[in-house]
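Engineer: Compact mmCIF, C-alpha atoms, saved as my_file04.txt, coming up:
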# COMPACT_ATOMS: atom_id res chain seq x y z
CA MET A 1 -47.34 -1.04 56.06
CA SER A 2 -49.21 2.24 55.41
CA THR A 3 -47.26 5.42 54.75
CA SER A 4 -47.88 8.39 57.01
CA PRO A 5 -49.19 11.40 55.10
CA SER A 6 -46.59 14.09 54.45
CA PRO A 7 -47.33 17.80 54.85
CA PHE A 8 -47.96 19.49 51.51
CA PRO A 9 -45.27 22.11 50.71
CA VAL A 10 -46.61 25.63 50.22
CA LEU A 11 -44.33 28.60 49.56
CA TRP A 12 -46.02 31.94 50.24
CA LEU A 13 -44.33 35.07 48.88
CA SER A 14 -45.46 38.03 50.98
CA GLY A 15 -44.48 41.65 51.30
CA PRO A 16 -45.95 45.14 50.98
CA PRO A 17 -47.90 46.21 47.87
CA GLY A 18 -45.63 46.96 44.94
CA VAL A 19 -42.69 44.84 46.08
CA GLY A 20 -43.21 42.33 43.25
CA LYS A 21 -44.91 39.35 44.95
CA SER A 22 -47.15 38.41 42.04
CA THR A 23 -44.45 38.88 39.42
CA ALA A 24 -41.93 36.82 41.38
CA GLY A 25 -44.53 34.20 42.30
CA TRP A 26 -45.55 33.66 38.69
CA ALA A 27 -41.92 33.55 37.58
CA LEU A 28 -41.17 30.94 40.26
CA TYR A 29 -44.20 28.89 39.23
CA ARG A 30 -43.05 28.88 35.59
CA ARG A 31 -39.46 28.08 36.62
CA LEU A 32 -40.51 25.05 38.70
CA ALA A 33 -42.85 23.82 35.98
CA ALA A 34 -40.13 24.12 33.34
CA GLY A 35 -37.86 22.09 35.60
CA GLY A 36 -40.36 19.24 35.75
CA THR A 37 -41.90 19.86 39.19
CA PRO A 38 -45.70 19.44 39.19
CA VAL A 39 -46.71 22.74 40.78
CA GLY A 40 -49.72 24.97 41.32
CA TYR A 41 -50.01 28.72 41.74
CA VAL A 42 -52.55 31.07 43.30
CA ASP A 43 -52.69 34.76 44.15
CA ILE A 44 -54.15 34.99 47.65
CA ASP A 45 -56.31 37.98 46.71
CA GLN A 46 -58.30 35.69 44.41
CA LEU A 47 -59.45 33.74 47.49
CA GLY A 48 -61.21 36.54 49.30
CA ILE A 49 -63.58 38.18 46.80
CA ASN A 50 -66.66 37.84 48.95
CA TYR A 51 -68.90 40.63 50.24
CA PRO A 52 -69.63 41.76 52.88
CA GLU A 53 -66.45 41.35 54.85
CA PRO A 54 -66.79 38.65 57.54
CA PRO A 55 -67.24 40.06 61.06
CA GLY A 56 -64.00 40.09 63.01
CA ASP A 57 -61.86 39.50 59.93
CA PRO A 58 -60.71 42.88 58.60
CA GLY A 59 -58.95 42.43 55.30
CA ARG A 60 -60.41 38.90 54.98
CA HIS A 61 -57.04 37.42 55.99
CA LEU A 62 -58.56 34.53 57.94
CA LEU A 63 -61.04 33.81 55.15
CA LYS A 64 -58.27 33.72 52.55
CA THR A 65 -56.10 31.43 54.67
CA GLY A 66 -58.93 28.94 55.19
CA ASN A 67 -59.70 29.03 51.48
CA LEU A 68 -56.02 28.42 50.74
CA ALA A 69 -56.14 25.24 52.83
CA ALA A 70 -58.99 23.93 50.70
CA LEU A 71 -57.24 24.77 47.43
CA ALA A 72 -53.94 23.27 48.61
CA ALA A 73 -55.72 19.98 49.33
CA ASN A 74 -57.35 20.00 45.90
CA HIS A 75 -54.10 20.81 44.09
CA ARG A 76 -52.42 17.97 45.95
CA ALA A 77 -55.23 15.58 45.02
CA HIS A 78 -54.81 16.55 41.35
CA GLY A 79 -51.08 15.83 41.22
CA ALA A 80 -49.26 18.94 42.44
CA ARG A 81 -46.13 18.39 44.55
CA CYS A 82 -46.21 21.93 45.89
CA LEU A 83 -48.07 25.22 45.65
CA VAL A 84 -46.68 28.73 45.13
CA VAL A 85 -48.75 31.52 46.68
CA SER A 86 -48.29 35.26 46.39
CA GLY A 87 -50.00 38.01 48.32
CA VAL A 88 -50.14 40.25 51.35
CA VAL A 89 -50.46 38.70 54.80
CA ASP A 90 -51.98 40.38 57.82
CA PRO A 91 -49.26 42.91 58.78
CA VAL A 92 -50.17 42.60 62.47
CA ALA A 93 -51.24 38.99 63.05
CA GLY A 94 -49.27 37.31 60.25
CA VAL A 95 -50.56 33.98 58.90
CA ASP A 96 -52.72 31.81 61.16
CA ARG A 97 -50.92 28.54 60.46
CA GLY A 98 -53.52 26.64 62.47
CA ARG A 99 -55.91 27.23 59.56
CA LEU A 100 -53.56 25.32 57.22
CA PRO A 101 -53.75 21.70 58.42
CA GLY A 102 -51.61 19.28 56.44
CA VAL A 103 -49.53 22.14 54.99
CA ASP A 104 -45.79 22.68 55.34
CA LEU A 105 -45.80 26.46 55.01
CA THR A 106 -42.72 28.51 54.19
CA LEU A 107 -43.45 32.21 54.46
CA CYS A 108 -41.00 34.22 52.38
CA ALA A 109 -41.11 37.99 52.82
CA LEU A 110 -39.89 40.03 49.86
CA THR A 111 -38.42 43.34 50.93
CA ALA A 112 -37.22 46.52 49.28
CA GLY A 113 -35.83 49.84 50.46
CA ARG A 114 -38.15 52.82 50.82
CA GLU A 115 -36.90 54.51 47.66
CA GLU A 116 -37.13 51.34 45.58
CA LEU A 117 -40.56 50.47 46.96
CA SER A 118 -41.83 54.00 46.31
CA ARG A 119 -40.57 53.86 42.72
CA ARG A 120 -42.18 50.47 42.04
CA TYR A 121 -45.47 51.39 43.64
CA ARG A 122 -45.79 54.64 41.72
CA GLY A 123 -44.82 52.78 38.54
CA ARG A 124 -47.99 50.73 38.82
CA GLY A 125 -49.99 53.82 37.87
CA THR A 126 -51.70 54.21 41.24
CA GLY A 127 -51.80 57.45 43.19
CA PRO A 128 -49.38 58.37 45.97
CA GLU A 129 -52.15 58.66 48.58
CA HIS A 130 -51.66 55.01 49.58
CA LEU A 131 -47.88 55.18 49.70
CA ALA A 132 -47.65 56.02 53.42
CA ARG A 133 -49.68 52.90 54.27
CA VAL A 134 -47.52 50.76 52.00
CA LEU A 135 -44.31 52.03 53.58
CA ALA A 136 -45.76 51.51 57.08
CA GLU A 137 -46.59 47.88 56.21
CA ALA A 138 -43.09 47.41 54.86
CA GLU A 139 -41.63 48.79 58.09
CA CYS A 140 -43.85 46.49 60.17
CA GLU A 141 -42.69 43.44 58.21
CA SER A 142 -39.03 44.46 58.32
CA LEU A 143 -39.18 44.71 62.10
CA GLY A 144 -41.00 41.39 62.45
CA THR A 145 -43.69 42.96 64.62
CA ALA A 146 -46.48 40.57 63.59
CA ALA A 147 -47.95 38.70 66.54
CA ALA A 148 -47.31 35.41 64.75
CA GLY A 149 -43.60 36.18 64.56
CA PRO A 150 -41.22 36.95 61.70
CA PRO A 151 -41.36 35.18 58.31
CA ASP A 152 -39.34 32.04 57.69
CA VAL A 153 -37.26 33.68 54.94
CA ARG A 154 -36.50 37.23 53.85
CA VAL A 155 -35.32 38.14 50.35
CA ASP A 156 -34.10 41.64 49.53
CA THR A 157 -35.27 42.52 46.01
CA ASP A 158 -33.60 45.91 45.59
CA GLY A 159 -32.30 46.25 42.04
CA LEU A 160 -33.18 42.67 41.10
CA ALA A 161 -35.07 41.40 38.06
CA PRO A 162 -37.80 38.79 38.71
CA ALA A 163 -35.52 35.95 37.59
CA GLU A 164 -32.89 37.08 40.09
CA VAL A 165 -35.50 37.21 42.86
CA VAL A 166 -36.47 33.64 42.00
CA GLU A 167 -32.83 32.56 42.29
CA ARG A 168 -32.58 34.08 45.76
CA VAL A 169 -35.82 32.43 46.86
CA LEU A 170 -34.62 29.05 45.63
CA ALA A 171 -31.42 29.51 47.59
CA HIS A 172 -33.55 29.31 50.75
CA TRP A 173 -36.35 26.94 49.70
CA CYS A 174 -35.98 23.71 47.76
CA PRO A 175 -38.95 22.33 45.83
CA PRO A 176 -39.83 18.70 46.60
CA THR A 177 -38.15 16.08 44.42
CA ALA A 178 -40.90 13.52 44.97
CA ALA A 179 -44.62 13.62 45.56
CA PRO A 180 -45.57 13.86 49.25
CA ALA A 181 -47.21 10.78 50.72
CA PRO A 182 -50.97 11.20 50.19
CA PRO A 183 -53.40 11.73 53.06
CA PRO A 184 -56.17 9.19 53.72
CA GLU A 185 -58.79 9.12 50.97
CA GLU A 186 -61.41 10.77 53.15
CA GLU A 187 -59.08 13.76 53.73
CA ALA A 188 -57.87 14.09 50.16
CA VAL A 189 -60.07 17.06 49.29
CA GLY A 190 -59.63 18.89 52.58
CA GLU A 191 -62.07 20.01 55.20
CA ARG A 192 -65.35 21.26 53.72
CA GLU A 193 -67.70 23.73 55.33
CA ARG A 194 -71.24 22.83 54.37
CA SER A 195 -74.32 25.03 54.30
CA ASP A 196 -77.91 24.06 53.66
CA ALA A 197 -78.52 27.34 51.87
CA ARG A 198 -79.13 27.14 48.13
CA VAL A 199 -76.76 29.53 46.42
CA ALA A 200 -77.43 30.93 42.95
CA VAL A 201 -74.32 30.59 40.78
CA LEU A 202 -73.80 32.40 37.48
CA LEU A 203 -71.06 30.97 35.25
CA LEU A 204 -70.12 33.43 32.50
CA CYS A 205 -68.29 31.73 29.65
CA GLY A 206 -67.31 32.48 26.07
CA ALA A 207 -64.34 32.80 23.75
CA GLU A 208 -61.06 34.32 24.91
CA ALA A 209 -61.22 38.11 25.38
CA VAL A 210 -65.00 38.23 24.85
CA GLY A 211 -65.38 40.11 28.14
CA LYS A 212 -66.20 37.43 30.71
CA SER A 213 -64.18 38.90 33.56
CA THR A 214 -65.17 42.51 32.83
CA VAL A 215 -68.89 41.81 32.66
CA GLY A 216 -68.80 39.31 35.52
CA TRP A 217 -67.01 41.80 37.78
CA GLU A 218 -69.59 44.48 36.98
CA VAL A 219 -72.44 42.08 37.77
CA GLY A 220 -70.85 41.20 41.10
CA GLN A 221 -70.21 44.85 41.98
CA ARG A 222 -73.82 45.77 41.29
CA LEU A 223 -75.09 43.03 43.56
CA GLN A 224 -72.66 44.13 46.25
CA ARG A 225 -73.81 47.75 46.00
CA ALA A 226 -77.40 46.53 46.26
CA GLY A 227 -76.54 44.91 49.59
CA ARG A 228 -76.70 41.30 48.38
CA PRO A 229 -74.04 38.95 49.83
CA THR A 230 -72.07 38.02 46.70
CA ALA A 231 -68.81 36.28 45.80
CA PHE A 232 -66.69 36.33 42.64
CA VAL A 233 -64.42 33.54 41.38
CA ASP A 234 -62.17 33.64 38.30
CA LEU A 235 -61.86 29.96 37.41
CA GLY A 236 -58.62 30.51 35.54
CA GLN A 237 -57.02 32.13 38.57
CA VAL A 238 -57.87 29.21 40.87
CA GLY A 239 -56.86 26.48 38.43
CA PHE A 240 -53.15 26.92 37.73
CA LEU A 241 -51.46 23.51 37.71
CA THR A 242 -48.56 22.41 35.50
CA PRO A 243 -48.53 19.85 34.06
CA ALA A 244 -52.26 19.36 33.75
CA PRO A 245 -53.46 15.80 34.43
CA VAL A 246 -53.29 13.69 31.27
CA ASP A 247 -56.97 12.84 31.60
CA ASP A 248 -57.96 16.47 32.18
CA PRO A 249 -55.84 18.64 29.86
CA GLY A 250 -58.10 21.64 30.30
CA GLY A 251 -57.82 21.46 34.08
CA HIS A 252 -61.58 21.74 34.54
CA ARG A 253 -61.83 19.08 37.24
CA LEU A 254 -59.45 21.04 39.47
CA ARG A 255 -61.26 24.30 38.74
CA ALA A 256 -64.62 22.70 39.50
CA ALA A 257 -63.30 21.23 42.77
CA ASN A 258 -61.89 24.59 43.83
CA LEU A 259 -65.10 26.39 42.87
CA ALA A 260 -67.12 23.92 44.95
CA ALA A 261 -64.82 24.37 47.96
CA LEU A 262 -65.01 28.15 47.77
CA LEU A 263 -68.78 28.06 47.32
CA ASP A 264 -69.19 25.92 50.44
CA ARG A 265 -67.10 28.30 52.53
CA TYR A 266 -68.76 31.44 51.19
CA ALA A 267 -72.24 29.98 51.70
CA ALA A 268 -71.38 29.27 55.33
CA LEU A 269 -70.76 33.03 55.70
CA GLY A 270 -74.17 33.94 54.27
CA THR A 271 -73.31 34.38 50.60
CA ARG A 272 -76.33 33.71 48.40
CA ARG A 273 -75.02 34.61 44.94
CA LEU A 274 -71.71 33.76 43.30
CA VAL A 275 -70.41 34.99 39.95
CA ALA A 276 -67.85 32.71 38.28
CA VAL A 277 -66.06 33.44 35.02
CA GLY A 278 -64.04 31.12 32.82
CA PRO A 279 -63.98 29.00 29.68
CA VAL A 280 -66.56 26.26 29.16
CA PRO A 281 -65.56 24.65 25.84
CA ASP A 282 -68.44 22.19 25.49
CA ALA A 283 -71.61 20.81 27.05
CA ALA A 284 -69.69 18.03 28.81
CA THR A 285 -67.63 20.62 30.69
CA ALA A 286 -70.79 22.51 31.67
CA ASP A 287 -72.17 19.24 33.05
CA LEU A 288 -68.93 18.73 35.02
CA TYR A 289 -69.49 22.05 36.80
CA ARG A 290 -73.12 21.17 37.47
CA ARG A 291 -72.11 17.88 39.08
CA ALA A 292 -69.52 19.68 41.22
CA LEU A 293 -72.21 22.05 42.57
CA PRO A 294 -75.14 19.74 43.31
CA GLY A 295 -76.71 22.05 45.89
CA ALA A 296 -76.48 25.22 43.81
CA ALA A 297 -78.77 26.78 41.24
CA LEU A 298 -76.29 27.05 38.35
CA ALA A 299 -76.96 29.18 35.27
CA VAL A 300 -74.42 29.09 32.43
CA CYS A 301 -74.44 32.25 30.32
CA ARG A 302 -72.31 32.47 27.17
CA LEU A 303 -71.07 35.83 25.92
CA ASP A 304 -70.64 36.06 22.15
CA ALA A 305 -68.95 38.47 19.75
CA ASP A 306 -68.10 38.67 16.08
CA PRO A 307 -64.47 38.36 14.86
CA GLY A 308 -63.97 42.12 14.52
CA THR A 309 -65.08 42.76 18.09
CA LEU A 310 -62.86 39.96 19.38
CA LEU A 311 -59.83 41.38 17.57
CA ASP A 312 -60.47 44.82 19.07
CA ARG A 313 -60.76 43.38 22.59
CA VAL A 314 -57.68 41.21 22.18
CA ARG A 315 -55.70 44.28 21.14
CA ARG A 316 -57.00 46.24 24.12
CA ARG A 317 -55.84 43.49 26.43
CA GLY A 318 -52.48 43.47 24.69
CA ALA A 319 -52.16 47.20 25.30
CA GLY A 320 -52.72 46.69 29.01
CA GLN A 321 -56.32 48.00 29.09
CA ALA A 322 -57.37 45.40 31.64
CA PRO A 323 -56.39 44.55 35.22
CA PRO A 324 -53.08 42.62 35.31
CA LEU A 325 -53.74 38.95 36.06
CA ALA A 326 -51.40 36.00 36.34
CA GLY A 327 -50.98 34.04 33.14
CA ASP A 328 -52.35 36.72 30.78
CA ARG A 329 -50.68 35.82 27.50
CA LEU A 330 -52.03 38.92 25.74
CA ARG A 331 -50.58 41.74 27.83
CA GLY A 332 -47.60 43.19 25.99
CA ALA A 333 -47.75 40.65 23.13
CA PRO A 334 -46.84 41.79 19.58
CA ASP A 335 -49.66 42.47 17.14
CA THR A 336 -48.90 39.36 15.06
CA ALA A 337 -49.44 37.20 18.13
CA LEU A 338 -52.58 39.13 19.07
CA ARG A 339 -54.02 38.53 15.61
CA ARG A 340 -53.41 34.80 15.97
CA VAL A 341 -55.15 34.77 19.34
CA ALA A 342 -58.08 36.72 17.91
CA ALA A 343 -58.40 34.21 15.06
CA GLU A 344 -58.34 31.35 17.59
CA ALA A 345 -61.00 33.14 19.64
CA ALA A 346 -63.23 33.57 16.59
CA ARG A 347 -62.96 29.85 15.80
CA GLY A 348 -63.73 29.08 19.44
CA ALA A 349 -66.80 31.33 19.37
CA ARG A 350 -68.12 29.54 16.29
CA ALA A 351 -67.58 26.16 17.94
CA LEU A 352 -69.44 27.28 21.07
CA THR A 353 -72.33 28.50 18.96
CA ALA A 354 -72.46 25.24 17.01
CA ALA A 355 -72.50 23.26 20.26
CA ALA A 356 -75.12 25.59 21.80
CA VAL A 357 -73.09 25.81 25.02
CA GLY A 358 -74.89 27.53 27.88
CA ASP A 359 -78.40 28.12 29.12
CA HIS A 360 -78.32 31.65 27.72
CA ARG A 361 -76.44 33.54 25.00
CA VAL A 362 -75.76 37.28 25.17
CA ALA A 363 -74.40 39.08 22.10
CA THR A 364 -71.83 41.69 23.16
CA ASP A 365 -71.13 43.51 19.87
CA GLY A 366 -71.62 47.28 20.16
CA ARG A 367 -72.84 47.10 23.77
CA SER A 368 -71.30 48.73 26.81
CA VAL A 369 -70.31 46.86 29.94
CA ALA A 370 -73.26 48.47 31.74
CA GLU A 371 -75.70 47.29 29.06
CA LEU A 372 -74.29 43.78 29.16
CA ALA A 373 -74.49 43.65 32.96
CA ASP A 374 -78.14 44.71 32.70
CA ALA A 375 -78.87 41.93 30.22
CA VAL A 376 -77.07 39.27 32.25
CA LEU A 377 -78.75 40.30 35.50
CA ARG A 378 -82.20 40.10 33.88
CA LEU A 379 -81.54 36.57 32.66
CA TRP A 380 -80.08 35.51 36.00
CA ALA A 381 -83.00 36.98 37.95
CA ALA A 382 -85.37 34.91 35.84
CA ASP A 383 -83.34 31.76 36.61
CA ALA A 384 -82.99 32.39 40.35
CA PRO A 385 -85.74 34.78 41.44
CA ASP A 386 -85.58 33.79 45.12
CA ALA A 387 -81.81 34.15 45.63
CA GLY A 388 -80.77 36.71 48.23
Kindly return the structure encoded in the file as structure tokens.
Structural biologist:
Amino acid sequence: MSTSPSPFPVLWLSGPPGVGKSTAGWALYRRLAAGGTPVGYVDIDQLGINYPEPPGDPGRHLLKTGNLAALAANHRAHGARCLVVSGVVDPVAGVDRGRLPGVDLTLCALTAGREELSRRYRGRGTGPEHLARVLAEAECESLGTAAAGPPDVRVDTDGLAPAEVVERVLAHWCPPTAAPAPPPEEEAVGERERSDARVAVLLLCGAEAVGKSTVGWEVGQRLQRAGRPTAFVDLGQVGFLTPAPVDDPGGHRLRAANLAALLDRYAALGTRRLVAVGPVPDAATADLYRRALPGAALAVCRLDADPGTLLDRVRRRGAGQAPPLAGDRLRGAPDTALRRVAAEAARGARALTAAAVGDHRVATDGRSVAELADAVLRLWAADAPDAG
């Protein structure tokens, strides 16, 4: 007798900017993983970095939700029992649950009083000019005025540390104790949107803290400003799964599957260039990404730096001189730990050089982000001269 497929549990922590969604979401992910639950994590903002904005989808909320469905299916296929999501939902329409087939969604709204929310938002170092919008969104959510109805759960975070927020969330939502029954094999990787267009993909790799994300973001922003439909994917941010499969400890198969799913969906919207950033430790891993993107023109570009440069960049990350991202082990770390990471990065850089990973190598020592973006764009243009 065949077992009917079970919906895949997804817990989405929502709320206005500054309420602590990402912090609580990451803490919950780590808590479930430490307790032995195979779990994935994604920040919803990472699933909508595609320009221009799709017509009729202000804020890219529908795009992000559809992308979430694809990633949920891939996480499930790679062993996750559930997925933790953090990020803003459409304050008017809510979440379009019809775009999440096969998902058992629990939408948990984190709330905070106006004074607490104002204090947290200003503490992020951003200006007060956006505060009125933030407070208006918080009021909309508190009244449950979204067309899709109120959230499933509300958790008041006033005066609570992240660990305490996690405890309150878990009082309302229980993680699965067993793996959900799998869907049929043909549905295991979710619905795919195909496009016949050939998309040019740049994969920037290199040692930790070499500058992959910084340079990749600048490349993507330049293409956007030039009017070229472009997407950006941080492979690390779409590949959180604990524990990693025993036969894929680096998690590259999941990252490649998620990259392929996002590429398909972005191509269907007219995207013709995609910038991806992430580690590629060896030629076999580069080949894995090539096989995952059979219809794309993939160029792998490795950024390189000497040990002194890597140490300086590791320390900058440790001091918070980079956008805060989930899983950043450098931010706020003591100098002894940063030195160890820098030494590991230097060994990794030497190994990448010895293995000649990548189609291109760009030395980053003593060069600005603008100069590096120039160099990368020249190499990429030579690889994919006809891309839009």
Engineer: Extract, using only C-alpha atoms, all DNA, RNA and protein residues at most 12 Å from Ala72 (chain A), discarding same-chain residues fewer than 6 positions from it, and format them as an MDAnalysis selection string.
Structural biologist: chainID A and resid 7:12 39:42 44 47 64:66 78:85 99:105 187:191 238:241 254 257:258 261
Engineer: With all atoms listed in the file as the atoms that count, which of A:Gly15, A:Gly327, A:Gly236, A:Gly56 lies nearest to Leu110 (chain A)?
Structural biologist: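 Between A:Gly15, A:Gly327, A:Gly236, A:Gly56, the residue approaching Leu110 (chain A) most closely is A:Gly15.
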Engineer: Would you list the contacts of Leu310 (chain A) as a VMD selection string, taking every protein, DNA or RNA residue within 10 Å and counting only C-alpha atoms, but skipping same-chain residues closer than 2 positions in sequence?
Structural biologist: chain A and resid 207 to 211 304 to 308 312 to 316 339 341 to 346 349 364 to 365
Engineer: For Ala34 (chain A), which of A:Thr242, A:Val362, A:Ser14, A:Gly149 is the closest residue, counting all atoms listed in the file?
Structural biologist: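 The shortest atom-to-atom distance to Ala34 (chain A) comes from A:Thr242.
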Engineer: Nearest to Pro183 (chain A): which of A:Ala77, A:Ser368, A:Arg350, A:Glu53 is it, counting all atoms listed in the file?
Structural biologist: A:Ala77
Engineer: With all atoms listed in the file as the counted atoms, please give the residues lying no more than 7 Å from region 163-180 of chain A, apart from itself and same-chain residues fewer than 4 positions off, as a PyMOL selection string.
Structural biologist: chain A and resi 6+8+24+27-28+81+155+157
Engineer: Quick one: axis-aligned box around all listed atoms of region 237-242 of chain A, 3 Å on every side, centre and edge lengths in Å to one decimal, written as lines of an AutoDock Vina configuration file.
Structural biologist:
center_x = -53.2
center_y = 27.3
center_z = 38.2
size_x = 15.3
size_y = 15.7
size_z = 11.4
